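Shown here: model_12.cif, mmCIF, C-alpha atoms.
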```cif
data_start
#
loop_
_atom_site.label_atom_id
_atom_site.label_comp_id
_atom_site.auth_asym_id
_atom_site.auth_seq_id
_atom_site.Cartn_x
_atom_site.Cartn_y
_atom_site.Cartn_z
CA MET A 1 43.63 191.30 46.76
CA VAL A 2 45.09 190.01 43.49
CA GLY A 3 48.25 188.98 45.28
CA SER A 4 46.30 187.04 47.87
CA LEU A 5 44.32 185.23 45.14
CA LYS A 6 47.55 184.19 43.39
CA THR A 7 48.94 182.99 46.69
CA GLU A 8 45.77 181.00 47.40
CA ARG A 9 45.78 179.40 43.93
CA ARG A 10 49.46 178.54 44.23
CA GLY A 11 48.79 176.97 47.63
CA THR A 12 45.92 174.93 46.17
CA ARG A 13 48.12 173.65 43.35
CA ASN A 14 50.90 172.72 45.77
CA GLU A 15 48.40 170.94 48.01
CA ALA A 16 46.98 168.98 45.05
CA LYS A 17 50.50 168.07 43.93
CA SER A 18 51.33 166.95 47.44
CA ASN A 19 48.18 164.82 47.63
CA SER A 20 48.98 163.30 44.23
CA ASN A 21 52.51 162.41 45.31
CA HIS A 22 51.20 160.95 48.54
CA SER A 23 48.62 158.87 46.64
CA SER A 24 51.15 157.55 44.11
CA GLY A 25 53.63 156.92 46.88
CA THR A 26 51.04 154.87 48.72
CA VAL A 27 50.26 152.79 45.61
CA PHE A 28 53.88 152.13 44.71
CA GLY A 29 54.66 151.51 48.34
CA ALA A 30 51.99 148.81 48.44
CA VAL A 31 53.41 147.24 45.28
CA ARG A 32 56.92 147.24 46.71
CA SER A 33 55.63 145.82 49.96
CA ARG A 34 53.72 143.02 48.25
CA HIS A 35 56.41 141.94 45.77
CA GLY A 36 59.61 143.07 47.42
CA ALA A 37 59.26 141.89 50.99
CA ALA A 38 60.20 138.30 50.19
CA PHE A 39 63.29 139.33 48.24
CA ARG A 40 64.40 141.70 51.01
CA SER A 41 64.11 138.92 53.59
CA LYS A 42 67.13 137.39 55.27
CA GLN A 43 69.18 134.69 53.60
CA PHE A 44 68.85 131.10 54.76
CA VAL A 45 71.22 128.33 53.67
CA PHE A 46 70.22 124.75 52.95
CA VAL A 47 73.05 122.22 52.83
CA VAL A 48 71.80 119.43 50.59
CA GLY A 49 72.74 115.86 49.67
CA ASP A 50 75.80 113.71 50.05
CA ASN A 51 78.02 116.40 48.53
CA GLN A 52 76.86 118.98 51.11
CA ALA A 53 75.97 121.50 48.40
CA ALA A 54 75.00 124.88 49.85
CA PHE A 55 71.89 126.67 48.53
CA PRO A 56 71.36 130.22 49.84
CA VAL A 57 67.69 131.19 49.47
CA HIS A 58 65.34 133.97 50.59
CA ALA A 59 63.98 132.85 53.94
CA ALA A 60 60.49 134.29 53.41
CA VAL A 61 60.06 132.59 50.03
CA ILE A 62 60.77 129.14 51.46
CA ALA A 63 59.09 129.65 54.84
CA LYS A 64 55.69 130.42 53.29
CA GLN A 65 55.58 127.02 51.54
CA SER A 66 54.49 125.17 54.68
CA LYS A 67 54.20 125.39 58.45
CA ALA A 68 57.03 122.89 58.87
CA LEU A 69 59.43 124.97 56.79
CA ASP A 70 58.32 128.16 58.53
CA SER A 71 59.08 126.56 61.88
CA LEU A 72 62.48 125.38 60.63
CA ILE A 73 63.44 128.85 59.42
CA ASN A 74 61.74 131.13 61.95
CA GLY A 75 61.10 128.86 64.95
CA PRO A 76 63.03 128.28 68.17
CA MET A 77 65.23 125.52 66.78
CA LYS A 78 68.98 125.69 66.27
CA GLU A 79 68.59 125.91 62.48
CA ALA A 80 66.65 129.17 62.78
CA SER A 81 69.26 130.82 65.00
CA GLU A 82 72.13 129.68 62.78
CA GLY A 83 70.33 130.44 59.51
CA LYS A 84 71.30 127.03 58.14
CA ALA A 85 69.73 123.59 57.82
CA ILE A 86 71.25 120.31 56.64
CA LEU A 87 69.12 118.05 54.42
CA GLU A 88 71.09 114.87 53.81
CA ASP A 89 68.17 112.76 52.59
CA ILE A 90 67.38 114.75 49.46
CA GLU A 91 68.98 114.89 46.02
CA GLU A 92 70.34 118.19 44.77
CA ASP A 93 68.15 118.08 41.64
CA THR A 94 65.05 117.58 43.78
CA PHE A 95 65.87 120.57 45.96
CA ILE A 96 66.55 122.72 42.89
CA ARG A 97 63.12 121.83 41.48
CA PHE A 98 61.56 122.65 44.83
CA CYS A 99 63.22 126.08 44.75
CA GLN A 100 61.95 126.59 41.21
CA PHE A 101 58.46 125.84 42.46
CA ALA A 102 58.83 128.12 45.49
CA TYR A 103 59.87 131.08 43.35
CA SER A 104 57.76 130.52 40.22
CA GLY A 105 54.98 128.03 40.99
CA ASP A 106 56.31 125.38 38.59
CA TYR A 107 59.40 123.26 38.06
CA THR A 108 61.46 121.95 35.18
CA THR A 109 60.56 118.46 34.02
CA PRO A 110 63.39 115.98 34.69
CA ASP A 111 65.35 114.93 31.61
CA PHE A 112 65.37 111.42 30.20
CA THR A 113 68.68 109.78 29.27
CA HIS A 114 70.10 109.07 25.84
CA ILE A 115 68.58 111.51 23.39
CA PRO A 116 69.05 110.12 19.87
CA THR A 117 70.44 112.51 17.28
CA ILE A 118 68.72 112.61 13.93
CA GLU A 119 70.34 114.32 10.96
CA LEU A 120 68.00 115.62 8.34
CA PRO A 121 68.90 114.64 4.75
CA ASN A 122 70.17 117.31 2.42
CA ILE A 123 67.31 117.62 -0.07
CA PRO A 124 68.42 119.25 -3.36
CA THR A 125 66.36 122.02 -4.79
CA PRO A 126 64.27 120.87 -7.79
CA PRO A 127 65.45 122.31 -11.15
CA GLY A 128 63.64 125.33 -12.40
CA ILE A 129 62.99 126.77 -8.93
CA ALA A 130 65.06 129.79 -8.05
CA THR A 131 66.63 129.71 -4.63
CA ASP A 132 66.96 133.47 -4.35
CA ARG A 133 64.09 135.67 -5.32
CA ASP A 134 64.91 138.16 -8.06
CA ASP A 135 63.08 141.30 -7.06
CA SER A 136 63.59 142.84 -10.46
CA ARG A 137 61.40 140.17 -12.09
CA SER A 138 58.50 140.80 -9.78
CA THR A 139 58.60 144.56 -10.17
CA GLU A 140 55.52 145.74 -12.01
CA PRO A 141 55.99 148.29 -14.79
CA GLU A 142 54.99 151.81 -13.90
CA LEU A 143 51.74 152.92 -15.50
CA GLU A 144 51.83 156.12 -17.50
CA PRO A 145 49.27 158.70 -16.41
CA GLU A 146 46.22 158.87 -18.63
CA PRO A 147 45.87 162.04 -20.69
CA ALA A 148 43.49 164.66 -19.40
CA VAL A 149 40.04 164.54 -20.98
CA ASP A 150 37.99 167.61 -21.81
CA ASP A 151 34.76 167.45 -19.86
CA GLY A 152 32.89 169.58 -22.46
CA TRP A 153 32.80 172.72 -20.39
CA GLY A 154 36.04 174.15 -21.57
CA SER A 155 38.05 173.02 -18.59
CA THR A 156 40.13 169.97 -17.81
CA PRO A 157 40.03 168.16 -14.46
CA LYS A 158 42.94 168.76 -12.12
CA LYS A 159 45.60 166.14 -11.77
CA PRO A 160 45.57 164.38 -8.40
CA GLU A 161 48.09 165.81 -6.03
CA LYS A 162 51.07 163.66 -5.17
CA PRO A 163 51.25 162.63 -1.51
CA LYS A 164 53.67 164.67 0.50
CA ASN A 165 56.84 163.02 1.66
CA PRO A 166 56.68 162.29 5.39
CA SER A 167 58.73 164.53 7.60
CA LYS A 168 61.87 163.27 9.33
CA SER A 169 60.18 163.50 12.70
CA SER A 170 57.26 161.32 11.55
CA LEU A 171 59.72 158.80 10.05
CA LEU A 172 61.56 158.63 13.36
CA ARG A 173 58.32 158.16 15.23
CA GLN A 174 57.27 155.39 12.85
CA SER A 175 60.67 153.76 13.30
CA LEU A 176 60.06 153.82 17.05
CA HIS A 177 56.65 152.14 16.66
CA ASP A 178 58.08 149.51 14.30
CA GLN A 179 60.62 148.21 16.83
CA LEU A 180 59.93 144.57 17.67
CA TYR A 181 61.25 142.51 20.58
CA ASP A 182 60.98 138.75 20.60
CA VAL A 183 59.70 137.79 24.03
CA GLU A 184 57.52 134.92 22.82
CA THR A 185 60.52 132.69 22.09
CA ASN A 186 61.86 132.92 25.63
CA CYS A 187 58.39 132.39 27.10
CA THR A 188 57.89 129.36 24.86
CA ILE A 189 61.26 127.89 25.86
CA LEU A 190 60.58 128.37 29.57
CA ALA A 191 57.11 126.88 29.27
CA ALA A 192 58.47 123.91 27.31
CA ARG A 193 60.95 123.12 30.07
CA CYS A 194 58.09 122.64 32.52
CA LYS A 195 55.85 120.85 30.04
CA ILE A 196 55.30 117.10 29.93
CA ARG A 197 57.00 115.46 26.96
CA GLU A 198 55.81 112.20 25.42
CA ASN A 199 58.44 109.57 24.69
CA SER A 200 58.84 108.71 21.03
CA ASP A 201 61.64 106.18 20.82
CA PRO A 202 62.58 102.95 22.64
CA THR A 203 66.05 104.36 23.41
CA GLU A 204 64.61 107.11 25.62
CA ASP A 205 65.06 105.92 29.20
CA TYR A 206 62.39 107.59 31.36
CA THR A 207 63.54 106.22 34.72
CA THR A 208 64.95 109.61 35.77
CA VAL A 209 61.76 111.34 34.64
CA PHE A 210 59.45 109.08 36.66
CA ILE A 211 61.59 109.05 39.78
CA GLY A 212 62.28 112.79 39.53
CA HIS A 213 58.56 113.55 39.91
CA ALA A 214 58.23 110.90 42.63
CA GLN A 215 61.16 112.32 44.62
CA LEU A 216 59.59 115.77 44.56
CA TYR A 217 56.32 114.29 45.80
CA VAL A 218 58.13 112.56 48.67
CA PHE A 219 59.88 115.82 49.62
CA ALA A 220 56.57 117.70 49.54
CA GLU A 221 54.89 115.00 51.64
CA LYS A 222 57.62 115.18 54.27
CA TRP A 223 57.46 118.97 54.60
CA GLY A 224 53.71 119.33 54.21
CA ILE A 225 53.68 121.24 50.91
CA ALA A 226 50.25 120.25 49.60
CA SER A 227 50.33 122.29 46.40
CA LEU A 228 53.68 120.81 45.36
CA LYS A 229 52.40 117.27 46.08
CA THR A 230 49.46 117.88 43.77
CA LEU A 231 51.64 119.33 41.03
CA ALA A 232 54.15 116.46 41.16
CA LEU A 233 51.34 113.88 41.05
CA SER A 234 49.71 115.68 38.14
CA LYS A 235 52.93 115.72 36.13
CA LEU A 236 53.67 112.07 36.87
CA HIS A 237 50.11 111.17 35.90
CA LYS A 238 50.39 112.97 32.55
CA THR A 239 53.76 111.34 31.92
CA LEU A 240 52.41 107.85 32.59
CA THR A 241 49.21 108.28 30.57
CA THR A 242 51.17 109.44 27.51
CA PHE A 243 54.03 106.96 27.95
CA THR A 244 54.54 104.37 25.22
CA LEU A 245 55.57 101.19 27.04
CA TYR A 246 58.09 99.68 24.67
CA ALA A 247 59.42 96.25 25.67
CA VAL A 248 62.86 97.66 26.51
CA ARG A 249 61.26 100.35 28.67
CA ARG A 250 59.51 97.98 31.06
CA PRO A 251 62.39 98.26 33.57
CA ASP A 252 61.65 102.01 33.81
CA ILE A 253 58.28 101.21 35.37
CA ALA A 254 59.80 98.53 37.59
CA ALA A 255 62.28 101.11 38.92
CA LEU A 256 59.43 103.53 39.64
CA LEU A 257 57.55 100.78 41.49
CA ARG A 258 60.59 99.91 43.59
CA TYR A 259 61.13 103.55 44.56
CA THR A 260 57.45 104.21 45.26
CA PHE A 261 56.88 101.16 47.47
CA SER A 262 60.06 101.56 49.48
CA ASN A 263 59.31 102.37 53.12
CA ASN A 264 62.19 104.84 53.03
CA HIS A 265 60.12 106.99 50.69
CA THR A 266 56.43 106.28 51.27
CA PRO A 267 55.35 104.38 54.40
CA ASP A 268 52.99 101.42 54.56
CA LEU A 269 49.58 102.58 55.76
CA VAL A 270 47.11 100.34 57.56
CA ASP A 271 43.75 101.65 56.44
CA ALA A 272 44.75 103.72 53.41
CA VAL A 273 47.15 103.87 50.49
CA ASP A 274 49.53 106.73 49.78
CA ASP A 275 48.50 108.85 46.76
CA LEU A 276 51.76 108.19 44.93
CA ARG A 277 51.49 104.43 45.47
CA SER A 278 47.86 104.50 44.35
CA LEU A 279 48.68 106.28 41.07
CA VAL A 280 51.66 104.05 40.20
CA MET A 281 49.76 100.86 41.05
CA LEU A 282 46.77 101.92 38.96
CA TYR A 283 49.08 102.32 35.97
CA THR A 284 50.76 98.99 36.74
CA VAL A 285 47.46 97.11 36.78
CA SER A 286 46.40 98.70 33.50
CA GLU A 287 49.67 97.50 31.90
CA ALA A 288 49.89 94.14 33.71
CA GLU A 289 49.84 92.06 30.52
CA ASN A 290 52.85 93.98 29.24
CA LEU A 291 54.82 94.18 32.50
CA ILE A 292 54.46 90.46 33.23
CA HIS A 293 57.23 89.86 30.67
CA CYS A 294 59.70 92.06 32.60
CA PRO A 295 62.12 90.11 34.88
CA ASN A 296 62.63 93.17 37.12
CA PHE A 297 58.88 93.40 37.65
CA LEU A 298 58.58 89.72 38.50
CA LEU A 299 61.46 90.05 40.95
CA LEU A 300 59.59 92.84 42.74
CA ILE A 301 56.46 90.73 43.02
CA GLY A 302 58.51 87.83 44.39
CA GLU A 303 59.78 90.03 47.21
CA GLY A 304 56.24 90.30 48.57
CA GLY A 305 55.32 93.15 50.87
CA GLN A 306 52.57 95.68 50.36
CA LEU A 307 53.39 96.02 46.67
CA ALA A 308 52.44 92.39 45.97
CA GLN A 309 49.40 92.54 48.26
CA TYR A 310 48.10 95.73 46.70
CA LEU A 311 48.71 94.40 43.20
CA VAL A 312 46.72 91.22 43.88
CA GLN A 313 43.91 93.26 45.41
CA MET A 314 43.77 95.60 42.39
CA LEU A 315 43.85 92.71 39.92
CA MET A 316 41.01 90.97 41.71
CA GLU A 317 38.92 94.15 41.49
CA ARG A 318 39.73 94.30 37.81
CA ILE A 319 38.54 90.70 37.27
CA ASP A 320 35.30 91.36 39.16
#
```
If you took the structure in this file and wrote it as structure tokens, what would it be?
Amino acid sequence: MVGSLKTERRGTRNEAKSNSNHSSGTVFGAVRSRHGAAFRSKQFVFVVGDNQAAFPVHAAVIAKQSKALDSLINGPMKEASEGKAILEDIEEDTFIRFCQFAYSGDYTTPDFTHIPTIELPNIPTPPGIATDRDDSRSTEPELEPEPAVDDGWGSTPKKPEKPKNPSKSSLLRQSLHDQLYDVETNCTILAARCKIRENSDPTEDYTTVFIGHAQLYVFAEKWGIASLKTLALSKLHKTLTTFTLYAVRRPDIAALLRYTFSNNHTPDLVDAVDDLRSLVMLYTVSEAENLIHCPNFLLLIGEGGQLAQYLVQMLMERID
């Protein structure tokens, strides 16, 4: 009887352990399935730009960005069977930012050109101020213990017991808890790379910044990636609204206008205006008094087309 009870208890414990392993296996299996499937997917190669640069990517990561990309990678076309697609009409930097977005949900802000270097002056230390702290000066003198006082009952109070020295094991444990790892710095650096930076000097050419966001918008528009379109527009909007339009930086805006209103990038629409064109023109109208002194801007207006028509229309609405 006792033997059968032991056997039954052992069987119950083994069954519980088996159920626990099955439960944990199911949980971790779901985690692996959710996060690992994309990285275990097949490789797909994009050949990009004039230099035919090859970019191997995870097919599932890119395919889920839009129906058009899913069809390109998994559909019946030749690209899907070969596992390779050629994109000649896109810059390498634009495709890299798209991949950053596909994998992380954000992309690095394009760099401006000519970053001025500023050397900080060597400021001498004022006299009378020590450069290195002398710990011996700040050490407080040890207080001598006060003599025991007779309390009138023929006995003296006991001296307070000295705290016991911590054991080696507790010191090791405390050392373990005191370990610090700087992850905030890396997170801050990564976040700063995707953050919008305000210009602060006339020598900072923002042409590449403006057009970098615009190019990503155009790519997202072509492939139907709505979330990337919104993100690129948002970043361009923040860049424009915080941009100090120095006189020498007027050509930066003229270059953005020329790119935006080119039919090779955004088409002329009959009854509507493209979102990118609308944003750039709204900024242009708000800075018209400044931009009117830019020869490149005046040259664009002289070329006519939808840019000139839309500008006149917006200015008339502003006057009304």
Run through the PyMOL selection byres ((chain A and resi 222-239) around 10) on the given coordinates and return the selected residues as a PyMOL selection string. chain A and resi 64-69+98+101-102+105-107+109+194-199+206+209-221+240-244+265-266+275-276+279-280+283
So that I can check the surroundings of stretch 307-314 of chain A, please list as a compact mmCIF listing (two decimals) with C-alpha atoms, in the frame of the given file every protein, DNA and RNA residue that reaches within 9 Å of it, counting all atoms listed in the file and ignoring chain neighbours fewer than 6 positions away.
```
# COMPACT_ATOMS: atom_id res chain seq x y z
CA LEU A 257 57.55 100.78 41.49
CA ARG A 258 60.59 99.91 43.59
CA PHE A 261 56.88 101.16 47.47
CA ARG A 277 51.49 104.43 45.47
CA MET A 281 49.76 100.86 41.05
CA LEU A 282 46.77 101.92 38.96
CA THR A 284 50.76 98.99 36.74
CA VAL A 285 47.46 97.11 36.78
CA LEU A 300 59.59 92.84 42.74
CA ILE A 301 56.46 90.73 43.02
```
Can you work out the spacing between atom CA of A:Ala59 and atom CA of A:Ala85 in Å, to one decimal?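 One can read the atom CA of A:Ala59 to atom CA of A:Ala85 distance as 11.6 Å.
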Going by the chain IDs and residue numbers used in this file, which residues fall under the PyMOL selection byres ((chain A and resi 38-52) around 8)? Write them as a list in words. His35, Gly36, Ala37, Ala53, Ala54, Phe55, Pro56, Val57, His58, Ala59, Ala60, Val61, Ile73, Gly83, Lys84, Ala85, Ile86, Leu87, Glu88, Asp89, Ile90, Glu91, Glu92 and Phe95 of chain A
Point-to-point distance from atom CA of A:Asn264 to atom CA of A:Leu298, Å rounded to tenths: 21.3 Å
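For the pair atom CA of A:Ile96 and atom CA of A:Thr208, the interatomic distance is 15.0 Å.
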